[in-house]
Amino acid sequence: MPTIRPITPADYAPCARICFEAFGSLQDRHGVERDFDSVETAGMVIGLFGSDTAFAGFVALGDDGRTILGSNFIGFADQVAGVGPITVDPSAQSRGVGRMLMQAVLNEAARRGVPQVRLQQEAINTSSLSLYTRLGFDWREACVLLRPAPAERDLEGARPVTERDLPVIDGLSRRHYHAPRVNEVAGFLKIGLPGFILSRGRRDVGYFFPSFLGHGFAESPEDLAALASHTVRHAPPQFHKTIVPLGQHELHRALMSRGGRAIKLFNYMTTGPYREPVSAWIPSIGM
């Protein structure tokens with residue numbers, strides 16, 4: 001019977017290999033772009049989440065109590081928790097390991113008194129869709145992973161996000177998301193994830209961080225699309241991705257009209273209290 005325990009630094013390398021192989025085998029089978037281009041890239045993510053005190057990570061061990069079968073993470077930077085990445089070794093799938101890893105992070109959220117948990121479920125993985133539904137997650141929105149086209153010129157009124165902007169970020173996230181995301185953004189700044197904030201006159205009207213990790217809000221779809229294109233103009237190519245809710249019709253069209261390219265689909269799922277974000281919004285991989 002597999003067992004679950006918290007992740008340790010010694011687990012990062014085997015978890016990275018499993019993460020790379022599990023996502024890679026699924027995505028190759030369905031002919032979609034891989035999330036991780038190498039074991040090293042997967043290792044960077046596992047190491048980042050495993051070493052960050054804002055996250056809790058767990059590993060599943062085989063019957064021998066030593067062999068790692070998979071891992072899962074949950075982030076607690078702000079009051080809404082985000083799950084992932086969850087991966088199970090292809091040789092150990094369909095044995096209940098994924099359920100145990102998901103239950104571990106849900107138990108941790110309950111232990112910390114965090115009722116709101118969210119995730120992005122990869123649409124091609126119907127097994128995980130069924131699992132998350134059985135565990136109490138509700139479907140909220142279909143999303144597309146999209147590669148925005150870089151803007152040809154800089155956006156007037158856009159400036160890089162700095163620590164001085166954190167109070168503004170707090171206000172914008174509470175207004176659009178109904179919950180703070182300021183600690184998450186502070187974490188982005190620490191790891192060097194590039195983000196931009198947009199001002200109209202004397203008002204700050206939106207912000208955006210790219211990649212799976214990033215998110216964004218703005219008062220209008222056009223402003224958020226323009227801000228995303230501006231941001232990827234200044235970001236390394238590995239960050240040229242964002243997750244767009246398909247219910248955000250105008251935002252989706254605005255990004256596609258700028259040359260954006262759809263990559264694959266996700267399902268946005270939540271447990272606990274939920275209020276739909278307002279105006280134009282882009283979620284992260286977990287939230």
# chains A, B, ... in the order shown; residues from 1 in each chain; ligands from 1
call {"tool": "residues_around", "arguments": {"residues": "Arg200 in chain A", "least_positions_apart": "2", "cutoff": "12 Å", "atoms": "only C-alpha atoms", "output": "ChimeraX atom specification"}}
result
/A:155-159,197-198,202-206,218-220,223
call {"tool": "residues_around", "arguments": {"residues": "Ala225 in chain A", "least_positions_apart": "2", "cutoff": "12 Å", "atoms": "only C-alpha atoms", "output": "VMD selection string"}}
result
chain A and resid 146 to 151 155 198 206 to 210 216 to 223 227 to 232 242 to 244 248 to 260 280 to 282
call {"tool": "closest_residue", "arguments": {"among": "A:His178, A:His30, A:Arg66, A:Arg233", "to": "Ala123 in chain A", "atoms": "only C-alpha atoms"}}
result
A:His30
call {"tool": "atom_distance", "arguments": {"atom1": "CA of Ser51 in chain A", "atom2": "CA of Phe188 in chain A"}}
result
14.5 Å
call {"tool": "closest_residue", "arguments": {"among": "A:Gly43, A:Pro2, A:Pro236, A:Gly201", "to": "Gln93 in chain A", "atoms": "only C-alpha atoms"}}
result
A:Pro2
call {"tool": "closest_residue", "arguments": {"among": "A:Phe23, A:Phe196, A:Phe239, A:Trp139", "to": "Phe266 in chain A", "atoms": "only C-alpha atoms"}}
result
A:Trp139
call {"tool": "closest_residue", "arguments": {"among": "A:Pro6, A:Glu40, A:Ser127, A:Gly192", "to": "Phe55 in chain A", "atoms": "only C-alpha atoms"}}
result
A:Pro6
call {"tool": "select_by_dssp", "arguments": {"residues": "range 71-191 of chain A", "states": "alpha helix (DSSP H)", "output": "PyMOL selection string"}}
result
chain A and resi 97-111+126-134+166-177+182-191
call {"tool": "closest_residue", "arguments": {"among": "A:Val185, A:Ile124, A:Leu61, A:Val97", "to": "Asp78 in chain A", "atoms": "only C-alpha atoms"}}
result
A:Val185
call {"tool": "residues_around", "arguments": {"residues": "Phe73 in chain A", "least_positions_apart": "6", "cutoff": "10 Å", "atoms": "only C-alpha atoms", "output": "count of residues only"}}
result
21
call {"tool": "residues_around", "arguments": {"residues": "Val117 in chain A", "least_positions_apart": "2", "cutoff": "8 Å", "atoms": "only C-alpha atoms", "output": "number ranges by chain"}}
result
A: 80-83, 106, 109, 114-115, 119, 270-272
call {"tool": "write_last_selection", "arguments": {"atoms": "C-alpha atoms", "output": "mmCIF file, in the first residue's frame"}}
result
data_model
loop_
_atom_site.group_PDB
_atom_site.id
_atom_site.type_symbol
_atom_site.label_atom_id
_atom_site.label_comp_id
_atom_site.auth_asym_id
_atom_site.auth_seq_id
_atom_site.Cartn_x
_atom_site.Cartn_y
_atom_site.Cartn_z
ATOM 1 C CA VAL A 80 -6.991 30.965 -1.816
ATOM 2 C CA ALA A 81 -4.871 27.813 -2.189
ATOM 3 C CA GLY A 82 -3.701 26.505 -5.561
ATOM 4 C CA VAL A 83 -2.927 22.832 -6.333
ATOM 5 C CA LEU A 106 -6.788 18.832 0.632
ATOM 6 C CA ALA A 109 -5.687 22.930 3.369
ATOM 7 C CA VAL A 114 -8.124 27.288 4.109
ATOM 8 C CA PRO A 115 -11.534 26.453 2.578
ATOM 9 C CA LEU A 119 -6.646 24.155 -9.816
ATOM 10 C CA THR A 270 -12.631 24.838 -7.345
ATOM 11 C CA THR A 271 -13.714 23.635 -3.924
ATOM 12 C CA GLY A 272 -15.131 25.744 -1.130
#
call {"tool": "select_by_dssp", "arguments": {"residues": "range 121-264 of chain A", "states": "strand (DSSP E)", "output": "ChimeraX atom specification"}}
result
/A:121-122,138-147,158-160,196-200,203-208,216-218,242-245,261-264
call {"tool": "write_last_selection", "arguments": {"atoms": "C-alpha atoms", "output": "PDB file, in the first residue's frame"}}
result
ATOM      1  CA  GLN A 121      -7.151  20.388 -14.851  1.00  0.00           C
ATOM      2  CA  GLU A 122      -5.622  19.424 -18.200  1.00  0.00           C
ATOM      3  CA  ASP A 138     -16.672  21.893  -9.194  1.00  0.00           C
ATOM      4  CA  TRP A 139     -16.092  22.865 -12.821  1.00  0.00           C
ATOM      5  CA  ARG A 140     -16.090  26.648 -13.237  1.00  0.00           C
ATOM      6  CA  GLU A 141     -14.625  27.564 -16.610  1.00  0.00           C
ATOM      7  CA  ALA A 142     -12.946  26.174 -19.699  1.00  0.00           C
ATOM      8  CA  CYS A 143      -9.585  27.828 -20.350  1.00  0.00           C
ATOM      9  CA  VAL A 144      -7.108  27.867 -23.199  1.00  0.00           C
ATOM     10  CA  LEU A 145      -3.355  27.877 -22.767  1.00  0.00           C
ATOM     11  CA  LEU A 146      -2.368  30.599 -25.205  1.00  0.00           C
ATOM     12  CA  ARG A 147       0.925  31.982 -26.467  1.00  0.00           C
ATOM     13  CA  ALA A 158       2.904  50.278 -18.851  1.00  0.00           C
ATOM     14  CA  ARG A 159       5.765  50.001 -16.349  1.00  0.00           C
ATOM     15  CA  PRO A 160       7.526  47.059 -14.665  1.00  0.00           C
ATOM     16  CA  PHE A 196       3.892  44.981 -15.822  1.00  0.00           C
ATOM     17  CA  ILE A 197       1.293  47.332 -14.417  1.00  0.00           C
ATOM     18  CA  LEU A 198      -0.812  49.664 -16.576  1.00  0.00           C
ATOM     19  CA  SER A 199      -1.812  53.228 -15.722  1.00  0.00           C
ATOM     20  CA  ARG A 200      -4.436  55.380 -17.427  1.00  0.00           C
ATOM     21  CA  ARG A 203      -5.147  55.486 -12.172  1.00  0.00           C
ATOM     22  CA  ASP A 204      -3.588  52.019 -12.155  1.00  0.00           C
ATOM     23  CA  VAL A 205      -6.074  49.881 -14.080  1.00  0.00           C
ATOM     24  CA  GLY A 206      -4.437  46.462 -14.371  1.00  0.00           C
ATOM     25  CA  TYR A 207      -1.390  44.224 -14.079  1.00  0.00           C
ATOM     26  CA  PHE A 208      -0.115  41.026 -15.694  1.00  0.00           C
ATOM     27  CA  GLY A 216      -3.524  39.245 -14.399  1.00  0.00           C
ATOM     28  CA  PHE A 217      -6.487  41.586 -14.050  1.00  0.00           C
ATOM     29  CA  ALA A 218      -7.627  44.756 -15.800  1.00  0.00           C
ATOM     30  CA  THR A 242      -0.823  32.471 -20.360  1.00  0.00           C
ATOM     31  CA  ILE A 243      -4.126  30.831 -19.428  1.00  0.00           C
ATOM     32  CA  VAL A 244      -7.233  32.559 -20.798  1.00  0.00           C
ATOM     33  CA  PRO A 245     -10.798  31.727 -19.660  1.00  0.00           C
ATOM     34  CA  ARG A 261      -1.821  31.006 -30.687  1.00  0.00           C
ATOM     35  CA  ALA A 262      -3.886  28.432 -28.792  1.00  0.00           C
ATOM     36  CA  ILE A 263      -1.913  25.476 -27.424  1.00  0.00           C
ATOM     37  CA  LYS A 264      -4.351  23.301 -25.435  1.00  0.00           C
TER      38      LYS A 264
END
call {"tool": "closest_residue", "arguments": {"among": "A:Gln238, A:Val182, A:Glu33, A:Leu26", "to": "Asp170 in chain A", "atoms": "only C-alpha atoms"}}
result
A:Val182
call {"tool": "atom_distance", "arguments": {"atom1": "CA of Cys19 in chain A", "atom2": "CA of Leu246 in chain A"}}
result
27.2 Å
call {"tool": "residues_around", "arguments": {"residues": "Asp64 in chain A", "least_positions_apart": "4", "cutoff": "12 Å", "atoms": "only C-alpha atoms", "output": "PyMOL selection string"}}
result
chain A and resi 1-3+60+68-69
call {"tool": "write_last_selection", "arguments": {"atoms": "C-alpha atoms", "output": "PDB file, in the first residue's frame"}}
result
ATOM      1  CA  MET A   1       0.000   0.000   0.000  1.00  0.00           C
ATOM      2  CA  PRO A   2       1.516   3.390  -0.983  1.00  0.00           C
ATOM      3  CA  THR A   3       2.177   5.878   1.799  1.00  0.00           C
ATOM      4  CA  ALA A  60       3.859   9.009  -2.518  1.00  0.00           C
ATOM      5  CA  ILE A  68       8.915   7.557  -5.011  1.00  0.00           C
ATOM      6  CA  LEU A  69       5.775   7.103  -7.097  1.00  0.00           C
TER       7      LEU A  69
END
call {"tool": "decode", "arguments": {"residues": "range 32-181 of chain A", "atoms": "C-alpha atoms", "output": "JSON list (two decimals), in the first residue's frame"}}
result
[["chain", "number", "residue", "atom", "x", "y", "z"],
["A", 32, "VAL", "CA", -0.04, 18.54, -27.67],
["A", 33, "GLU", "CA", 2.95, 20.68, -26.73],
["A", 34, "ARG", "CA", 4.92, 19.49, -23.71],
["A", 35, "ASP", "CA", 4.80, 21.59, -20.56],
["A", 36, "PHE", "CA", 8.42, 20.73, -19.71],
["A", 37, "ASP", "CA", 11.13, 20.65, -22.35],
["A", 38, "SER", "CA", 13.61, 18.79, -20.12],
["A", 39, "VAL", "CA", 14.07, 17.08, -16.77],
["A", 40, "GLU", "CA", 16.09, 20.13, -15.74],
["A", 41, "THR", "CA", 13.14, 22.46, -16.33],
["A", 42, "ALA", "CA", 10.87, 20.17, -14.34],
["A", 43, "GLY", "CA", 13.51, 20.14, -11.63],
["A", 44, "MET", "CA", 13.51, 23.92, -11.42],
["A", 45, "VAL", "CA", 9.76, 23.91, -10.75],
["A", 46, "ILE", "CA", 9.91, 21.06, -8.24],
["A", 47, "GLY", "CA", 12.83, 22.69, -6.44],
["A", 48, "LEU", "CA", 11.15, 26.09, -6.41],
["A", 49, "PHE", "CA", 7.91, 24.78, -4.92],
["A", 50, "GLY", "CA", 9.63, 22.32, -2.61],
["A", 51, "SER", "CA", 11.87, 24.96, -1.05],
["A", 52, "ASP", "CA", 9.27, 27.76, -0.80],
["A", 53, "THR", "CA", 7.60, 27.98, 2.61],
["A", 54, "ALA", "CA", 4.44, 29.26, 0.90],
["A", 55, "PHE", "CA", 3.98, 25.73, -0.52],
["A", 56, "ALA", "CA", 3.40, 22.32, 1.00],
["A", 57, "GLY", "CA", 4.66, 19.34, -1.00],
["A", 58, "PHE", "CA", 4.03, 15.62, -0.61],
["A", 59, "VAL", "CA", 5.42, 12.44, -2.14],
["A", 60, "ALA", "CA", 3.86, 9.01, -2.52],
["A", 61, "LEU", "CA", 6.09, 6.05, -1.63],
["A", 62, "GLY", "CA", 5.79, 2.47, -2.88],
["A", 63, "ASP", "CA", 5.31, -0.64, -0.78],
["A", 64, "ASP", "CA", 9.02, -0.68, 0.07],
["A", 65, "GLY", "CA", 8.68, 2.72, 1.76],
["A", 66, "ARG", "CA", 11.50, 4.17, -0.37],
["A", 67, "THR", "CA", 10.55, 4.25, -4.06],
["A", 68, "ILE", "CA", 8.92, 7.56, -5.01],
["A", 69, "LEU", "CA", 5.77, 7.10, -7.10],
["A", 70, "GLY", "CA", 4.70, 10.73, -7.49],
["A", 71, "SER", "CA", 4.34, 14.14, -5.91],
["A", 72, "ASN", "CA", 1.88, 16.97, -5.41],
["A", 73, "PHE", "CA", 2.00, 20.58, -4.17],
["A", 74, "ILE", "CA", -0.36, 23.18, -2.80],
["A", 75, "GLY", "CA", 0.37, 26.90, -2.49],
["A", 76, "PHE", "CA", -0.74, 29.01, 0.47],
["A", 77, "ALA", "CA", 0.77, 32.42, -0.35],
["A", 78, "ASP", "CA", -2.64, 34.10, -0.06],
["A", 79, "GLN", "CA", -6.06, 33.09, 1.24],
["A", 80, "VAL", "CA", -6.99, 30.96, -1.82],
["A", 81, "ALA", "CA", -4.87, 27.81, -2.19],
["A", 82, "GLY", "CA", -3.70, 26.50, -5.56],
["A", 83, "VAL", "CA", -2.93, 22.83, -6.33],
["A", 84, "GLY", "CA", -0.20, 21.42, -8.56],
["A", 85, "PRO", "CA", 1.75, 20.16, -10.24],
["A", 86, "ILE", "CA", 0.54, 16.66, -9.40],
["A", 87, "THR", "CA", 2.35, 13.82, -11.19],
["A", 88, "VAL", "CA", 2.42, 10.04, -10.84],
["A", 89, "ASP", "CA", 5.03, 7.75, -12.38],
["A", 90, "PRO", "CA", 3.49, 6.21, -15.53],
["A", 91, "SER", "CA", 4.30, 2.75, -14.17],
["A", 92, "ALA", "CA", 2.29, 3.44, -10.99],
["A", 93, "GLN", "CA", -0.81, 5.04, -12.48],
["A", 94, "SER", "CA", -4.34, 3.63, -12.01],
["A", 95, "ARG", "CA", -3.40, 2.38, -8.52],
["A", 96, "GLY", "CA", -4.95, 5.14, -6.43],
["A", 97, "VAL", "CA", -1.71, 7.10, -6.01],
["A", 98, "GLY", "CA", -3.15, 10.27, -7.52],
["A", 99, "ARG", "CA", -6.14, 10.15, -5.20],
["A", 100, "MET", "CA", -3.86, 9.81, -2.18],
["A", 101, "LEU", "CA", -1.72, 12.75, -3.29],
["A", 102, "MET", "CA", -4.79, 14.92, -3.89],
["A", 103, "GLN", "CA", -6.25, 13.96, -0.53],
["A", 104, "ALA", "CA", -2.96, 14.90, 1.12],
["A", 105, "VAL", "CA", -3.07, 18.49, -0.16],
["A", 106, "LEU", "CA", -6.79, 18.83, 0.63],
["A", 107, "ASN", "CA", -6.11, 17.59, 4.15],
["A", 108, "GLU", "CA", -3.32, 20.16, 4.47],
["A", 109, "ALA", "CA", -5.69, 22.93, 3.37],
["A", 110, "ALA", "CA", -8.24, 21.78, 5.95],
["A", 111, "ARG", "CA", -5.55, 21.62, 8.64],
["A", 112, "ARG", "CA", -4.60, 25.24, 7.90],
["A", 113, "GLY", "CA", -8.21, 26.36, 7.82],
["A", 114, "VAL", "CA", -8.12, 27.29, 4.11],
["A", 115, "PRO", "CA", -11.53, 26.45, 2.58],
["A", 116, "GLN", "CA", -10.93, 27.78, -0.97],
["A", 117, "VAL", "CA", -8.83, 25.49, -3.19],
["A", 118, "ARG", "CA", -8.45, 25.87, -6.95],
["A", 119, "LEU", "CA", -6.65, 24.16, -9.82],
["A", 120, "GLN", "CA", -6.35, 23.90, -13.58],
["A", 121, "GLN", "CA", -7.15, 20.39, -14.85],
["A", 122, "GLU", "CA", -5.62, 19.42, -18.20],
["A", 123, "ALA", "CA", -8.62, 18.65, -20.41],
["A", 124, "ILE", "CA", -7.02, 15.72, -22.25],
["A", 125, "ASN", "CA", -6.64, 13.86, -18.93],
["A", 126, "THR", "CA", -10.18, 12.60, -18.39],
["A", 127, "SER", "CA", -9.06, 10.38, -15.51],
["A", 128, "SER", "CA", -7.99, 13.37, -13.41],
["A", 129, "LEU", "CA", -11.22, 15.20, -14.33],
["A", 130, "SER", "CA", -13.21, 12.33, -12.86],
["A", 131, "LEU", "CA", -10.97, 12.12, -9.79],
["A", 132, "TYR", "CA", -11.20, 15.82, -8.97],
["A", 133, "THR", "CA", -14.97, 15.76, -9.37],
["A", 134, "ARG", "CA", -15.25, 12.83, -6.96],
["A", 135, "LEU", "CA", -13.06, 14.71, -4.47],
["A", 136, "GLY", "CA", -15.48, 17.64, -4.44],
["A", 137, "PHE", "CA", -14.11, 20.01, -7.09],
["A", 138, "ASP", "CA", -16.67, 21.89, -9.19],
["A", 139, "TRP", "CA", -16.09, 22.86, -12.82],
["A", 140, "ARG", "CA", -16.09, 26.65, -13.24],
["A", 141, "GLU", "CA", -14.63, 27.56, -16.61],
["A", 142, "ALA", "CA", -12.95, 26.17, -19.70],
["A", 143, "CYS", "CA", -9.59, 27.83, -20.35],
["A", 144, "VAL", "CA", -7.11, 27.87, -23.20],
["A", 145, "LEU", "CA", -3.36, 27.88, -22.77],
["A", 146, "LEU", "CA", -2.37, 30.60, -25.20],
["A", 147, "ARG", "CA", 0.93, 31.98, -26.47],
["A", 148, "PRO", "CA", 0.47, 35.76, -26.82],
["A", 149, "ALA", "CA", 2.28, 37.46, -29.68],
["A", 150, "PRO", "CA", 4.78, 40.09, -28.50],
["A", 151, "ALA", "CA", 3.70, 43.67, -29.17],
["A", 152, "GLU", "CA", 5.50, 45.50, -31.97],
["A", 153, "ARG", "CA", 5.97, 48.56, -29.75],
["A", 154, "ASP", "CA", 5.75, 49.36, -26.06],
["A", 155, "LEU", "CA", 2.36, 50.07, -24.51],
["A", 156, "GLU", "CA", 1.94, 53.62, -23.30],
["A", 157, "GLY", "CA", 1.35, 53.70, -19.55],
["A", 158, "ALA", "CA", 2.90, 50.28, -18.85],
["A", 159, "ARG", "CA", 5.77, 50.00, -16.35],
["A", 160, "PRO", "CA", 7.53, 47.06, -14.67],
["A", 161, "VAL", "CA", 5.98, 45.93, -11.39],
["A", 162, "THR", "CA", 8.20, 46.66, -8.37],
["A", 163, "GLU", "CA", 7.78, 46.26, -4.63],
["A", 164, "ARG", "CA", 6.43, 49.83, -4.52],
["A", 165, "ASP", "CA", 3.42, 48.61, -6.52],
["A", 166, "LEU", "CA", 2.39, 45.89, -4.05],
["A", 167, "PRO", "CA", -0.31, 48.03, -2.38],
["A", 168, "VAL", "CA", -1.79, 48.70, -5.84],
["A", 169, "ILE", "CA", -1.60, 44.97, -6.68],
["A", 170, "ASP", "CA", -3.43, 44.23, -3.44],
["A", 171, "GLY", "CA", -6.24, 46.61, -4.33],
["A", 172, "LEU", "CA", -6.58, 45.37, -7.91],
["A", 173, "SER", "CA", -6.61, 41.69, -6.94],
["A", 174, "ARG", "CA", -9.19, 42.24, -4.19],
["A", 175, "ARG", "CA", -11.38, 44.20, -6.59],
["A", 176, "HIS", "CA", -11.22, 41.70, -9.46],
["A", 177, "TYR", "CA", -10.56, 38.37, -7.69],
["A", 178, "HIS", "CA", -12.36, 39.11, -4.40],
["A", 179, "ALA", "CA", -9.23, 38.02, -2.54],
["A", 180, "PRO", "CA", -5.65, 39.28, -2.16],
["A", 181, "ARG", "CA", -2.87, 37.93, -4.35]]
